[in-house]
$ cat input09.cif   # mmCIF, C-alpha atoms
data_entry
#
loop_
_atom_site.group_PDB
_atom_site.id
_atom_site.type_symbol
_atom_site.label_atom_id
_atom_site.label_comp_id
_atom_site.auth_asym_id
_atom_site.auth_seq_id
_atom_site.Cartn_x
_atom_site.Cartn_y
_atom_site.Cartn_z
ATOM 1 C CA MET A 45 0.000 0.000 0.000
ATOM 2 C CA GLU A 46 1.239 3.490 -0.785
ATOM 3 C CA VAL A 47 0.945 6.089 1.967
ATOM 4 C CA VAL A 48 1.479 9.866 2.030
ATOM 5 C CA LEU A 49 3.263 10.734 5.282
ATOM 6 C CA LEU A 50 1.760 13.589 7.300
ATOM 7 C CA GLU A 51 4.673 13.609 9.777
ATOM 8 C CA ASP A 52 8.257 12.368 9.858
ATOM 9 C CA VAL A 53 8.385 8.643 10.673
ATOM 10 C CA LYS A 54 11.718 7.259 11.820
ATOM 11 C CA SER A 55 13.226 4.717 9.399
ATOM 12 C CA LEU A 56 10.379 5.298 6.921
ATOM 13 C CA GLY A 57 10.483 8.839 5.547
ATOM 14 C CA LYS A 58 9.901 12.544 5.916
ATOM 15 C CA LYS A 59 6.670 14.543 5.942
ATOM 16 C CA GLY A 60 5.095 14.772 2.471
ATOM 17 C CA GLN A 61 6.832 11.716 1.023
ATOM 18 C CA VAL A 62 4.900 8.934 -0.682
ATOM 19 C CA VAL A 63 6.185 5.600 0.618
ATOM 20 C CA LYS A 64 5.259 1.985 -0.028
ATOM 21 C CA VAL A 65 4.543 -0.007 3.158
ATOM 22 C CA ASN A 66 2.948 -3.338 4.031
ATOM 23 C CA ASP A 67 -0.851 -3.247 4.294
ATOM 24 C CA GLY A 68 -0.842 -4.362 7.934
ATOM 25 C CA TYR A 69 1.735 -1.720 8.934
ATOM 26 C CA ALA A 70 -0.362 0.973 7.281
ATOM 27 C CA ARG A 71 -3.699 -0.226 8.738
ATOM 28 C CA ASN A 72 -2.428 -0.910 12.250
ATOM 29 C CA PHE A 73 0.179 1.825 12.787
ATOM 30 C CA ILE A 74 0.398 4.617 10.189
ATOM 31 C CA LEU A 75 -3.305 5.331 9.626
ATOM 32 C CA PRO A 76 -4.618 5.019 13.245
ATOM 33 C CA LYS A 77 -1.872 7.290 14.617
ATOM 34 C CA LYS A 78 -2.565 9.862 11.869
ATOM 35 C CA LEU A 79 1.037 9.641 10.671
ATOM 36 C CA GLY A 80 -0.120 9.276 7.088
ATOM 37 C CA VAL A 81 -3.032 8.848 4.694
ATOM 38 C CA GLU A 82 -3.588 6.486 1.814
ATOM 39 C CA ALA A 83 -2.067 7.750 -1.450
ATOM 40 C CA THR A 84 -5.235 8.357 -3.465
ATOM 41 C CA PRO A 85 -5.315 10.867 -6.335
ATOM 42 C CA LYS A 86 -7.342 13.281 -4.137
ATOM 43 C CA ASN A 87 -4.840 13.060 -1.254
ATOM 44 C CA LEU A 88 -1.901 13.536 -3.640
ATOM 45 C CA ASN A 89 -3.589 16.620 -5.129
ATOM 46 C CA ASP A 90 -4.246 18.005 -1.623
ATOM 47 C CA LEU A 91 -0.566 17.451 -0.819
ATOM 48 C CA LYS A 92 0.489 19.453 -3.890
ATOM 49 C CA LEU A 93 -1.836 22.318 -2.910
ATOM 50 C CA GLN A 94 -0.517 22.295 0.647
ATOM 51 C CA LYS A 95 3.101 22.399 -0.557
ATOM 52 C CA ALA A 96 2.254 25.341 -2.837
ATOM 53 C CA LYS A 97 0.693 27.215 0.106
ATOM 54 C CA GLU A 98 3.710 26.517 2.304
ATOM 55 C CA ALA A 99 6.064 27.757 -0.420
ATOM 56 C CA LYS A 100 4.039 30.967 -0.795
ATOM 57 C CA ILE A 101 4.071 31.583 2.971
ATOM 58 C CA ALA A 102 7.823 30.920 3.128
ATOM 59 C CA ALA A 103 8.419 33.418 0.299
ATOM 60 C CA GLU A 104 6.339 36.060 2.115
ATOM 61 C CA GLN A 105 8.253 35.501 5.357
ATOM 62 C CA LEU A 106 11.552 35.840 3.502
ATOM 63 C CA ALA A 107 10.415 39.105 1.891
ATOM 64 C CA GLU A 108 9.319 40.494 5.282
ATOM 65 C CA ALA A 109 12.654 39.512 6.831
ATOM 66 C CA LYS A 110 14.579 41.231 4.013
ATOM 67 C CA ALA A 111 12.524 44.426 4.423
ATOM 68 C CA LEU A 112 13.123 44.430 8.181
ATOM 69 C CA ALA A 113 16.833 43.773 7.592
ATOM 70 C CA GLU A 114 17.070 46.904 5.430
ATOM 71 C CA LYS A 115 15.474 48.987 8.204
ATOM 72 C CA ILE A 116 17.834 47.530 10.811
ATOM 73 C CA GLU A 117 20.923 48.055 8.624
ATOM 74 C CA ALA A 118 20.012 51.748 8.159
ATOM 75 C CA ALA A 119 19.443 52.371 11.869
ATOM 76 C CA SER A 120 21.747 52.601 14.847
ATOM 77 C CA VAL A 121 21.181 52.351 18.587
ATOM 78 C CA THR A 122 22.976 54.223 21.360
ATOM 79 C CA VAL A 123 23.503 52.503 24.702
ATOM 80 C CA SER A 124 25.124 54.258 27.667
ATOM 81 C CA ILE A 125 27.211 52.491 30.267
ATOM 82 C CA ARG A 126 29.085 53.713 33.345
ATOM 83 C CA SER A 127 32.813 53.863 32.945
ATOM 84 C CA GLY A 128 35.812 54.852 34.993
ATOM 85 C CA GLU A 129 39.281 56.173 34.237
ATOM 86 C CA GLY A 130 40.821 55.342 30.889
ATOM 87 C CA GLY A 131 37.508 54.261 29.332
ATOM 88 C CA ARG A 132 37.227 51.119 31.471
ATOM 89 C CA THR A 133 33.610 50.091 31.839
ATOM 90 C CA PHE A 134 31.757 48.791 34.849
ATOM 91 C CA GLY A 135 29.908 45.718 33.611
ATOM 92 C CA SER A 136 28.948 45.039 30.014
ATOM 93 C CA VAL A 137 26.226 45.607 27.424
ATOM 94 C CA SER A 138 24.123 42.511 26.764
ATOM 95 C CA SER A 139 21.653 41.673 24.024
ATOM 96 C CA LYS A 140 18.800 42.354 26.471
ATOM 97 C CA GLU A 141 19.921 45.971 26.889
ATOM 98 C CA ILE A 142 20.393 46.375 23.135
ATOM 99 C CA ALA A 143 16.869 45.030 22.489
ATOM 100 C CA ALA A 144 15.414 47.449 25.060
ATOM 101 C CA ALA A 145 17.293 50.373 23.481
ATOM 102 C CA ALA A 146 16.081 49.392 19.998
ATOM 103 C CA LYS A 147 12.491 49.267 21.235
ATOM 104 C CA GLU A 148 12.827 52.686 22.877
ATOM 105 C CA GLN A 149 14.856 54.530 20.215
ATOM 106 C CA LEU A 150 13.768 52.861 16.965
ATOM 107 C CA LYS A 151 10.260 51.738 17.993
ATOM 108 C CA MET A 152 11.283 48.308 16.682
ATOM 109 C CA GLU A 153 10.702 44.984 18.448
ATOM 110 C CA ILE A 154 13.888 42.933 18.072
ATOM 111 C CA ASP A 155 14.030 39.670 19.980
ATOM 112 C CA LYS A 156 17.141 39.464 22.184
ATOM 113 C CA LYS A 157 17.467 35.758 21.349
ATOM 114 C CA LYS A 158 17.972 36.620 17.676
ATOM 115 C CA MET A 159 20.994 38.778 18.447
ATOM 116 C CA THR A 160 24.174 36.743 18.312
ATOM 117 C CA LEU A 161 26.774 38.475 20.440
ATOM 118 C CA PRO A 162 29.961 36.401 20.494
ATOM 119 C CA GLU A 163 30.693 37.970 23.895
ATOM 120 C CA PRO A 164 29.175 40.844 25.875
ATOM 121 C CA ILE A 165 30.372 44.321 24.875
ATOM 122 C CA LYS A 166 32.797 45.568 27.537
ATOM 123 C CA SER A 167 34.222 48.734 25.996
ATOM 124 C CA LEU A 168 33.138 52.072 24.560
ATOM 125 C CA GLY A 169 32.802 52.497 20.799
ATOM 126 C CA THR A 170 30.697 51.394 17.855
ATOM 127 C CA PHE A 171 29.939 47.710 17.315
ATOM 128 C CA GLU A 172 28.003 45.716 14.722
ATOM 129 C CA VAL A 173 25.656 43.171 16.254
ATOM 130 C CA PRO A 174 24.347 40.434 13.924
ATOM 131 C CA VAL A 175 20.570 39.882 14.149
ATOM 132 C CA LYS A 176 19.307 36.613 12.644
ATOM 133 C CA LEU A 177 15.845 37.388 11.253
ATOM 134 C CA HIS A 178 15.385 34.316 9.034
ATOM 135 C CA LYS A 179 17.464 31.273 8.224
ATOM 136 C CA ASP A 180 18.710 33.105 5.096
ATOM 137 C CA VAL A 181 18.657 36.717 6.362
ATOM 138 C CA THR A 182 21.029 38.233 8.912
ATOM 139 C CA ALA A 183 21.122 41.995 9.496
ATOM 140 C CA LYS A 184 23.820 43.988 11.254
ATOM 141 C CA LEU A 185 22.619 46.509 13.829
ATOM 142 C CA ARG A 186 25.079 49.278 14.699
ATOM 143 C CA VAL A 187 25.344 49.764 18.455
ATOM 144 C CA LYS A 188 27.121 52.828 19.758
ATOM 145 C CA VAL A 189 28.272 52.419 23.359
ATOM 146 C CA VAL A 190 28.839 55.768 25.115
ATOM 147 C CA GLU A 191 29.809 56.843 28.608
ATOM 148 C CA ALA A 192 26.871 57.541 30.946
#
$ encode --input "input09.cif" --output "structure tokens"
Amino acid sequence: MEVVLLEDVKSLGKKGQVVKVNDGYARNFILPKKLGVEATPKNLNDLKLQKAKEAKIAAEQLAEAKALAEKIEAASVTVSIRSGEGGRTFGSVSSKEIAAAAKEQLKMEIDKKKMTLPEPIKSLGTFEVPVKLHKDVTAKLRVKVVEA
């Protein structure tokens, strides 16, 4: 029996694949657990329509991420930190503080988890912080760290 998988099944296949399995395996395991449906022409057509919808949604998300990346690349954020003699700072600037400053100054919601700081910023100056917006889109936000 041929089955269209609705979810990934270990040692059988990935979601959306059409696989050939024994009748008993399909009747007793795949179909009752809603892991797949029988590969009828109607189900195969529905699968094609679903894949087309998913591709359209993915393209829209990519376009939105690229537009947001352009806005982020054009903007910069200023964060102040206390410092002592010789420009030595007390503490560091984390992604949480950068996200809060972006929300306040740019009126832009940037998730702190999407900012990939290799290490916290511990000195004054201008830094570029990568922000991963999509698996294919990474923007660089300029962060200017000044003395408070």
$ resolve_selection --input "input09.cif" --expression "the PyMOL selection byres ((chain A and resi 155) around 9)" --output "PyMOL selection string"
chain A and resi 139-140+143+153-154+156-159+175
$ closest_residue --input "input09.cif" --among "A:Val137, A:Ala99, A:Val181, A:Ile74" --to "Leu112 of chain A" --atoms "only C-alpha atoms"
A:Val181
$ atom_distance --input "input09.cif" --atom1 "atom CA of Leu49 of chain A" --atom2 "atom CA of Glu98 of chain A"
16.1 Å
$ resolve_selection --input "input09.cif" --expression "the PyMOL selection byres ((chain A and resi 138) around 12)" --output "list of chain:residue names"
A:Val123, A:Ser124, A:Ile125, A:Gly135, A:Ser136, A:Val137, A:Ser139, A:Lys140, A:Glu141, A:Ile142, A:Ala143, A:Ala144, A:Ala145, A:Lys156, A:Lys157, A:Met159, A:Thr160, A:Leu161, A:Pro162, A:Glu163, A:Pro164, A:Ile165, A:Lys166, A:Ser167, A:Val173, A:Val187, A:Val189
$ closest_residue --input "input09.cif" --among "A:Ala111, A:Val62, A:Ala103, A:Leu150" --to "Leu91 of chain A" --atoms "only C-alpha atoms"
A:Val62
